file run06.pdb (PDB, C-alpha atoms)
ATOM      1  CA  MET A 848      32.037  62.895 -28.280
ATOM      2  CA  LYS A 849      29.457  62.063 -25.591
ATOM      3  CA  THR A 850      27.338  64.755 -24.112
ATOM      4  CA  THR A 851      26.528  65.125 -20.447
ATOM      5  CA  ALA A 852      22.941  63.999 -21.123
ATOM      6  CA  GLU A 853      24.193  60.794 -22.780
ATOM      7  CA  ASP A 854      26.532  60.101 -19.858
ATOM      8  CA  SER A 855      23.701  60.710 -17.414
ATOM      9  CA  SER A 856      21.337  58.494 -19.368
ATOM     10  CA  ALA A 857      23.903  55.681 -19.678
ATOM     11  CA  GLY A 858      24.661  55.933 -15.963
ATOM     12  CA  GLU A 859      20.954  55.643 -15.097
ATOM     13  CA  ILE A 860      20.510  52.700 -17.471
ATOM     14  CA  ASN A 861      23.427  50.847 -15.889
ATOM     15  CA  ARG A 862      22.237  51.665 -12.370
ATOM     16  CA  LEU A 863      18.780  50.297 -13.197
ATOM     17  CA  HIS A 864      20.328  47.213 -14.821
ATOM     18  CA  ALA A 865      22.339  46.525 -11.660
ATOM     19  CA  GLU A 866      19.118  46.914  -9.648
ATOM     20  CA  VAL A 867      17.359  44.377 -11.907
ATOM     21  CA  VAL A 868      20.185  41.882 -11.453
ATOM     22  CA  ARG A 869      20.216  42.360  -7.667
ATOM     23  CA  LEU A 870      16.426  42.089  -7.288
ATOM     24  CA  SER A 871      16.295  39.052  -9.577
ATOM     25  CA  LYS A 872      18.801  37.289  -7.326
ATOM     26  CA  VAL A 873      16.814  38.254  -4.218
ATOM     27  CA  SER A 874      13.609  37.034  -5.904
ATOM     28  CA  THR A 875      15.146  33.699  -6.914
ATOM     29  CA  ASP A 876      16.511  33.187  -3.409
ATOM     30  CA  SER A 877      13.121  34.055  -1.890
ATOM     31  CA  ILE A 878      11.272  31.654  -4.196
ATOM     32  CA  HIS A 879      13.646  28.822  -3.282
ATOM     33  CA  GLY A 880      13.399  29.773   0.394
ATOM     34  CA  ALA A 881       9.607  29.461   0.223
ATOM     35  CA  LEU A 882       9.949  26.052  -1.437
ATOM     36  CA  VAL A 883      12.399  24.831   1.213
ATOM     37  CA  ALA A 884      10.135  26.127   4.009
ATOM     38  CA  ALA A 885       7.087  24.344   2.525
ATOM     39  CA  TRP A 886       9.075  21.113   2.136
ATOM     40  CA  ARG A 887      10.441  21.266   5.681
ATOM     41  CA  SER A 888       6.961  22.087   7.038
ATOM     42  CA  GLY A 889       5.690  19.032   5.184
ATOM     43  CA  GLN A 890       8.329  16.835   6.788
ATOM     44  CA  LEU A 891       7.378  18.121  10.240
ATOM     45  CA  LEU A 892       3.661  17.687   9.511
ATOM     46  CA  VAL A 893       4.206  14.081   8.354
ATOM     47  CA  ALA A 894       6.095  13.331  11.583
ATOM     48  CA  ALA A 895       3.442  15.091  13.684
ATOM     49  CA  LYS A 896       0.670  13.144  11.971
ATOM     50  CA  ALA A 897       2.393   9.854  12.760
ATOM     51  CA  ARG A 898       2.829  10.882  16.410
ATOM     52  CA  VAL A 899      -0.791  12.051  16.703
ATOM     53  CA  ARG A 900      -2.159   8.895  15.112
ATOM     54  CA  GLN A 901      -0.016   6.719  17.367
ATOM     55  CA  SER A 902      -0.765   8.556  20.591
ATOM     56  CA  MET A 903      -4.321   9.843  20.052
ATOM     57  CA  GLY A 904      -5.733   7.799  17.183
ATOM     58  CA  GLY A 905      -6.296   8.577  13.514
ATOM     59  CA  GLY A 906      -9.434  10.609  14.052
ATOM     60  CA  MET A 907      -7.593  13.241  16.068
ATOM     61  CA  TRP A 908      -5.317  14.443  13.282
ATOM     62  CA  ARG A 909      -7.747  17.087  11.976
ATOM     63  CA  ASP A 910      -8.359  18.368  15.498
ATOM     64  CA  TRP A 911      -4.625  18.583  16.133
ATOM     65  CA  LEU A 912      -4.080  20.310  12.803
ATOM     66  CA  GLY A 913      -6.861  22.829  13.474
ATOM     67  CA  LYS A 914      -5.356  23.736  16.850
ATOM     68  CA  ASN A 915      -1.678  23.742  15.884
ATOM     69  CA  PHE A 916      -1.377  24.745  12.214
ATOM     70  CA  ARG A 917      -2.195  28.290  11.094
ATOM     71  CA  GLY A 918      -2.733  27.292   7.464
ATOM     72  CA  THR A 919      -5.617  25.381   5.933
ATOM     73  CA  GLN A 920      -5.955  21.620   5.942
ATOM     74  CA  ARG A 921      -5.453  21.666   2.167
ATOM     75  CA  THR A 922      -2.179  23.587   2.549
ATOM     76  CA  ALA A 923      -0.979  21.038   5.112
ATOM     77  CA  GLN A 924      -1.854  18.228   2.691
ATOM     78  CA  LYS A 925       0.129  19.899  -0.099
ATOM     79  CA  TYR A 926       3.160  20.437   2.144
ATOM     80  CA  MET A 927       3.017  16.813   3.294
ATOM     81  CA  ARG A 928       2.694  15.488  -0.254
ATOM     82  CA  LEU A 929       5.647  17.650  -1.299
ATOM     83  CA  ALA A 930       7.743  16.259   1.569
ATOM     84  CA  GLU A 931       6.723  12.655   0.834
ATOM     85  CA  THR A 932       7.410  12.970  -2.892
ATOM     86  CA  VAL A 933      10.630  15.004  -2.981
ATOM     87  CA  LYS A 934      13.639  13.581  -1.183
ATOM     88  CA  ASP A 935      16.195  16.258  -2.168
ATOM     89  CA  ILE A 936      14.732  19.754  -2.383
ATOM     90  CA  GLY A 937      17.988  21.068  -3.853
ATOM     91  CA  GLN A 938      17.111  19.417  -7.173
ATOM     92  CA  LEU A 939      14.195  21.840  -7.536
ATOM     93  CA  LYS A 940      16.210  25.058  -7.184
ATOM     94  CA  GLY A 941      14.908  27.696  -9.552
ATOM     95  CA  MET A 942      11.329  26.435  -9.487
ATOM     96  CA  SER A 943       8.497  28.133  -7.663
ATOM     97  CA  LEU A 944       6.269  26.264  -5.241
ATOM     98  CA  ARG A 945       3.439  26.501  -7.779
ATOM     99  CA  GLN A 946       5.653  25.000 -10.531
ATOM    100  CA  VAL A 947       6.713  22.139  -8.266
ATOM    101  CA  TYR A 948       3.093  21.427  -7.317
ATOM    102  CA  PHE A 949       2.160  21.388 -11.000
ATOM    103  CA  ASN A 950       5.009  19.021 -11.906
ATOM    104  CA  LEU A 951       4.082  16.666  -9.053
ATOM    105  CA  GLY A 952       0.385  16.724  -9.938
ATOM    106  CA  ILE A 953      -0.606  18.505  -6.731
ATOM    107  CA  ALA A 954      -3.723  20.560  -7.349
ATOM    108  CA  THR A 955      -3.492  24.279  -6.680
ATOM    109  CA  GLU A 956      -5.961  27.120  -6.738
ATOM    110  CA  PRO A 957      -5.861  29.397  -9.768
ATOM    111  CA  LYS A 958      -3.930  32.629  -9.233
ATOM    112  CA  SER A 959      -7.235  34.487  -9.290
ATOM    113  CA  ARG A 960     -10.766  33.295  -8.712
ATOM    114  CA  ALA A 961     -11.812  34.991 -11.958
ATOM    115  CA  ALA A 962      -9.493  32.639 -13.868
ATOM    116  CA  SER A 963     -10.973  29.514 -12.307
ATOM    117  CA  VAL A 964     -13.141  27.218 -14.338
ATOM    118  CA  PRO A 965     -16.165  25.850 -12.502
ATOM    119  CA  VAL A 966     -15.890  22.101 -12.162
ATOM    120  CA  GLY A 967     -18.744  19.906 -11.052
ATOM    121  CA  THR A 968     -18.448  17.093  -8.557
ATOM    122  CA  LEU A 969     -16.641  14.090  -9.954
ATOM    123  CA  PRO A 970     -18.644  10.879 -10.288
ATOM    124  CA  PRO A 971     -18.235   8.418  -7.396
ATOM    125  CA  HIS A 972     -16.318   5.879  -9.490
ATOM    126  CA  VAL A 973     -13.744   8.533 -10.460
ATOM    127  CA  ARG A 974     -13.296   9.578  -6.828
ATOM    128  CA  LEU A 975     -12.927   5.907  -5.819
ATOM    129  CA  ALA A 976     -10.347   5.325  -8.548
ATOM    130  CA  GLN A 977      -8.380   8.370  -7.360
ATOM    131  CA  ARG A 978      -8.403   7.144  -3.755
ATOM    132  CA  LEU A 979      -7.190   3.762  -4.979
ATOM    133  CA  LEU A 980      -4.319   5.358  -6.910
ATOM    134  CA  VAL A 981      -3.265   7.417  -3.900
ATOM    135  CA  SER A 982      -3.318   4.304  -1.724
ATOM    136  CA  LEU A 983      -1.267   2.330  -4.231
ATOM    137  CA  LYS A 984       1.316   5.115  -4.527
ATOM    138  CA  ARG A 985       1.791   5.112  -0.748
ATOM    139  CA  THR A 986       2.296   1.351  -0.542
ATOM    140  CA  ASP A 987       5.893   0.168  -0.758
ATOM    141  CA  PHE A 988       5.419  -3.236  -2.377
ATOM    142  CA  ARG A 989       9.070  -4.144  -1.843
ATOM    143  CA  HIS A 990       8.206  -4.760   1.814
ATOM    144  CA  VAL A 991       4.955  -6.666   1.228
ATOM    145  CA  ALA A 992       4.927 -10.442   1.458
ATOM    146  CA  PRO A 993       4.430 -12.279  -1.874
ATOM    147  CA  ASP A 994       1.116 -13.822  -0.764
ATOM    148  CA  GLN A 995      -0.108 -10.352   0.215
ATOM    149  CA  CYS A 996       0.896  -9.056  -3.244
ATOM    150  CA  THR A 997      -1.144 -11.835  -4.821
ATOM    151  CA  ALA A 998      -4.127 -10.860  -2.688
ATOM    152  CA  TYR A 999      -3.700  -7.220  -3.747
ATOM    153  CA  ARG A1000      -3.627  -8.241  -7.416
ATOM    154  CA  GLN A1001      -6.812 -10.287  -7.061
ATOM    155  CA  GLU A1002      -8.633  -7.490  -5.256
ATOM    156  CA  LEU A1003      -7.421  -4.896  -7.738
ATOM    157  CA  ARG A1004      -8.477  -7.059 -10.684
ATOM    158  CA  ALA A1005     -11.984  -7.370  -9.236
ATOM    159  CA  LEU A1006     -12.132  -3.624  -8.614
ATOM    160  CA  PHE A1007     -10.806  -2.898 -12.098
ATOM    161  CA  GLU A1008     -13.470  -5.112 -13.644
ATOM    162  CA  ARG A1009     -16.155  -3.215 -11.706
ATOM    163  CA  LEU A1010     -14.787   0.232 -12.591
ATOM    164  CA  ARG A1011     -13.954  -0.445 -16.249
ATOM    165  CA  PRO A1012     -17.559  -0.468 -17.557
ATOM    166  CA  LEU A1013     -18.246   2.807 -15.734
ATOM    167  CA  PHE A1014     -15.294   4.538 -17.349
ATOM    168  CA  GLU A1015     -15.961   2.994 -20.755
ATOM    169  CA  SER A1016     -19.606   4.090 -20.725
ATOM    170  CA  GLU A1017     -18.485   7.588 -19.764
ATOM    171  CA  LEU A1018     -15.910   7.641 -22.565
ATOM    172  CA  ALA A1019     -18.381   6.296 -25.126
ATOM    173  CA  GLY A1020     -20.504   9.410 -24.771
ATOM    174  CA  ARG A1021     -17.603  11.842 -25.217
ATOM    175  CA  SER A1022     -15.841  12.139 -28.544
ATOM    176  CA  ASP A1023     -13.066  14.277 -27.020
ATOM    177  CA  LEU A1024     -12.098  11.450 -24.644
ATOM    178  CA  SER A1025     -12.615   8.418 -26.827
ATOM    179  CA  ILE A1026      -9.991   5.715 -26.881
ATOM    180  CA  PRO A1027      -8.118   5.577 -30.205
ATOM    181  CA  PRO A1028      -8.661   2.413 -32.291
ATOM    182  CA  GLY A1029      -6.159  -0.295 -31.386
ATOM    183  CA  ALA A1030      -5.312   1.217 -27.997
ATOM    184  CA  LYS A1031      -5.822  -0.851 -24.868
ATOM    185  CA  ALA A1032      -8.541   0.354 -22.548
TER     186      ALA A1032
END

call {"tool": "encode", "arguments": {"input": "run06.pdb", "output": "structure tokens"}}
result
Amino acid sequence: MKTTAEDSSAGEINRLHAEVVRLSKVSTDSIHGALVAAWRSGQLLVAAKARVRQSMGGGMWRDWLGKNFRGTQRTAQKYMRLAETVKDIGQLKGMSLRQVYFNLGIATEPKSRAASVPVGTLPPHVRLAQRLLVSLKRTDFRHVAPDQCTAYRQELRALFERLRPLFESELAGRSDLSIPPGAKA
């Protein structure tokens, strides 16, 4: 036979369990709401950037952003990249904004500055290669004329040949980044 203390304890346990379930649902909904808001903000920022560039010129975007957006330029860039990369935000339900950024390769700040690892400035050839990759990802080659594609290939080949020795010399000095035997560089 149950005692009054056991009944009271069981009642409190079940009340707290119901609170956990309710707050977990609220938390999940809030996380998805933040993701949707960031994605929608990114869509609006992309559209605003196009309007600003068309009406005021490309150099005015930062000025416009500084006057009209309460977040940082980096935050605006992340929102825009999210909007440009993800077409259906519903597919990401259950993921936090930080998880989505990580999965899309969008850099984020560590949760605390104490956890951050100091990183030096990247060499110029690495920064150039990154800019090239970003540019290539934004180009829709389905709508580029075949002769233009050929020109791109020739220019990229020349750039690759210039960058390759820089990366190979950097890799040669680091055993943790060396290319395995038989792998293509």

call {"tool": "atom_distance", "arguments": {"input": "run06.pdb", "atom1": "atom CA of Arg978 of chain A", "atom2": "atom CA of Arg1004 of chain A"}}
result
15.8 Å

call {"tool": "axis_aligned_box", "arguments": {"input": "run06.pdb", "around": "segment 909-914 of chain A", "padding_each_side": "6 Å", "output": "lines of an AutoDock Vina configuration file"}}
result
center_x = -6.2
center_y = 20.4
center_z = 14.4
size_x = 16.3
size_y = 18.6
size_z = 16.9

call {"tool": "atom_distance", "arguments": {"input": "run06.pdb", "atom1": "atom CA of Val981 of chain A", "atom2": "atom CA of Phe916 of chain A"}}
result
23.7 Å

call {"tool": "closest_residue", "arguments": {"input": "run06.pdb", "among": "A:Lys940, A:His990, A:Arg985, A:Arg974", "to": "Arg928 of chain A", "atoms": "only C-alpha atoms"}}
result
A:Arg985

call {"tool": "resolve_selection", "arguments": {"input": "run06.pdb", "expression": "the PyMOL selection byres ((chain A and resi 969-972) around 10)", "output": "ChimeraX atom specification"}}
result
/A:966-968,973-978,1009-1011,1013-1014

call {"tool": "residues_around", "arguments": {"input": "run06.pdb", "residues": "Gly880 of chain A", "least_positions_apart": "3", "cutoff": "12 Å", "atoms": "all atoms listed in the file", "output": "MDAnalysis selection string"}}
result
chainID A and resid 873:877 883:887 936:937 939:944

call {"tool": "residues_around", "arguments": {"input": "run06.pdb", "residues": "Val893 of chain A", "least_positions_apart": "6", "cutoff": "10 Å", "atoms": "all atoms listed in the file", "output": "list in words"}}
result
Arg887, Val899, Ala923, Gln924, Tyr926, Met927, Arg928, Ala930 and Glu931 of chain A

call {"tool": "residues_around", "arguments": {"input": "run06.pdb", "residues": "Gly906 of chain A", "least_positions_apart": "6", "cutoff": "12 Å", "atoms": "only C-alpha atoms", "output": "count of residues only"}}
result
5

call {"tool": "atom_distance", "arguments": {"input": "run06.pdb", "atom1": "atom CA of Leu891 of chain A", "atom2": "atom CA of Arg921 of chain A"}}
result
15.6 Å

call {"tool": "residues_around", "arguments": {"input": "run06.pdb", "residues": "segment 995-1003 of chain A", "least_positions_apart": "6", "cutoff": "10 Å", "atoms": "all atoms listed in the file", "output": "list in words"}}
result
Leu979, Leu983, Phe988, Arg989 and Arg1009 of chain A

call {"tool": "decode", "arguments": {"input": "run06.pdb", "residues": "segment 861-880 of chain A", "atoms": "C-alpha atoms", "output": "PDB file, in the first residue's frame"}}
result
ATOM      1  CA  ASN A 861       4.985  13.488 -12.886  1.00  0.00           C
ATOM      2  CA  ARG A 862       4.347  17.229 -12.632  1.00  0.00           C
ATOM      3  CA  LEU A 863       8.037  17.925 -13.270  1.00  0.00           C
ATOM      4  CA  HIS A 864       8.066  15.431 -16.155  1.00  0.00           C
ATOM      5  CA  ALA A 865       5.112  17.219 -17.765  1.00  0.00           C
ATOM      6  CA  GLU A 866       6.991  20.512 -17.316  1.00  0.00           C
ATOM      7  CA  VAL A 867      10.066  19.035 -19.047  1.00  0.00           C
ATOM      8  CA  VAL A 868       7.957  17.857 -21.977  1.00  0.00           C
ATOM      9  CA  ARG A 869       6.211  21.235 -22.289  1.00  0.00           C
ATOM     10  CA  LEU A 870       9.432  23.273 -22.061  1.00  0.00           C
ATOM     11  CA  SER A 871      11.206  20.966 -24.514  1.00  0.00           C
ATOM     12  CA  LYS A 872       8.448  21.603 -27.053  1.00  0.00           C
ATOM     13  CA  VAL A 873       8.650  25.363 -26.453  1.00  0.00           C
ATOM     14  CA  SER A 874      12.451  25.204 -26.810  1.00  0.00           C
ATOM     15  CA  THR A 875      12.285  23.228 -30.062  1.00  0.00           C
ATOM     16  CA  ASP A 876       9.712  25.636 -31.475  1.00  0.00           C
ATOM     17  CA  SER A 877      11.841  28.626 -30.436  1.00  0.00           C
ATOM     18  CA  ILE A 878      14.984  27.163 -32.013  1.00  0.00           C
ATOM     19  CA  HIS A 879      13.152  26.559 -35.295  1.00  0.00           C
ATOM     20  CA  GLY A 880      11.589  30.023 -35.085  1.00  0.00           C
TER      21      GLY A 880
END
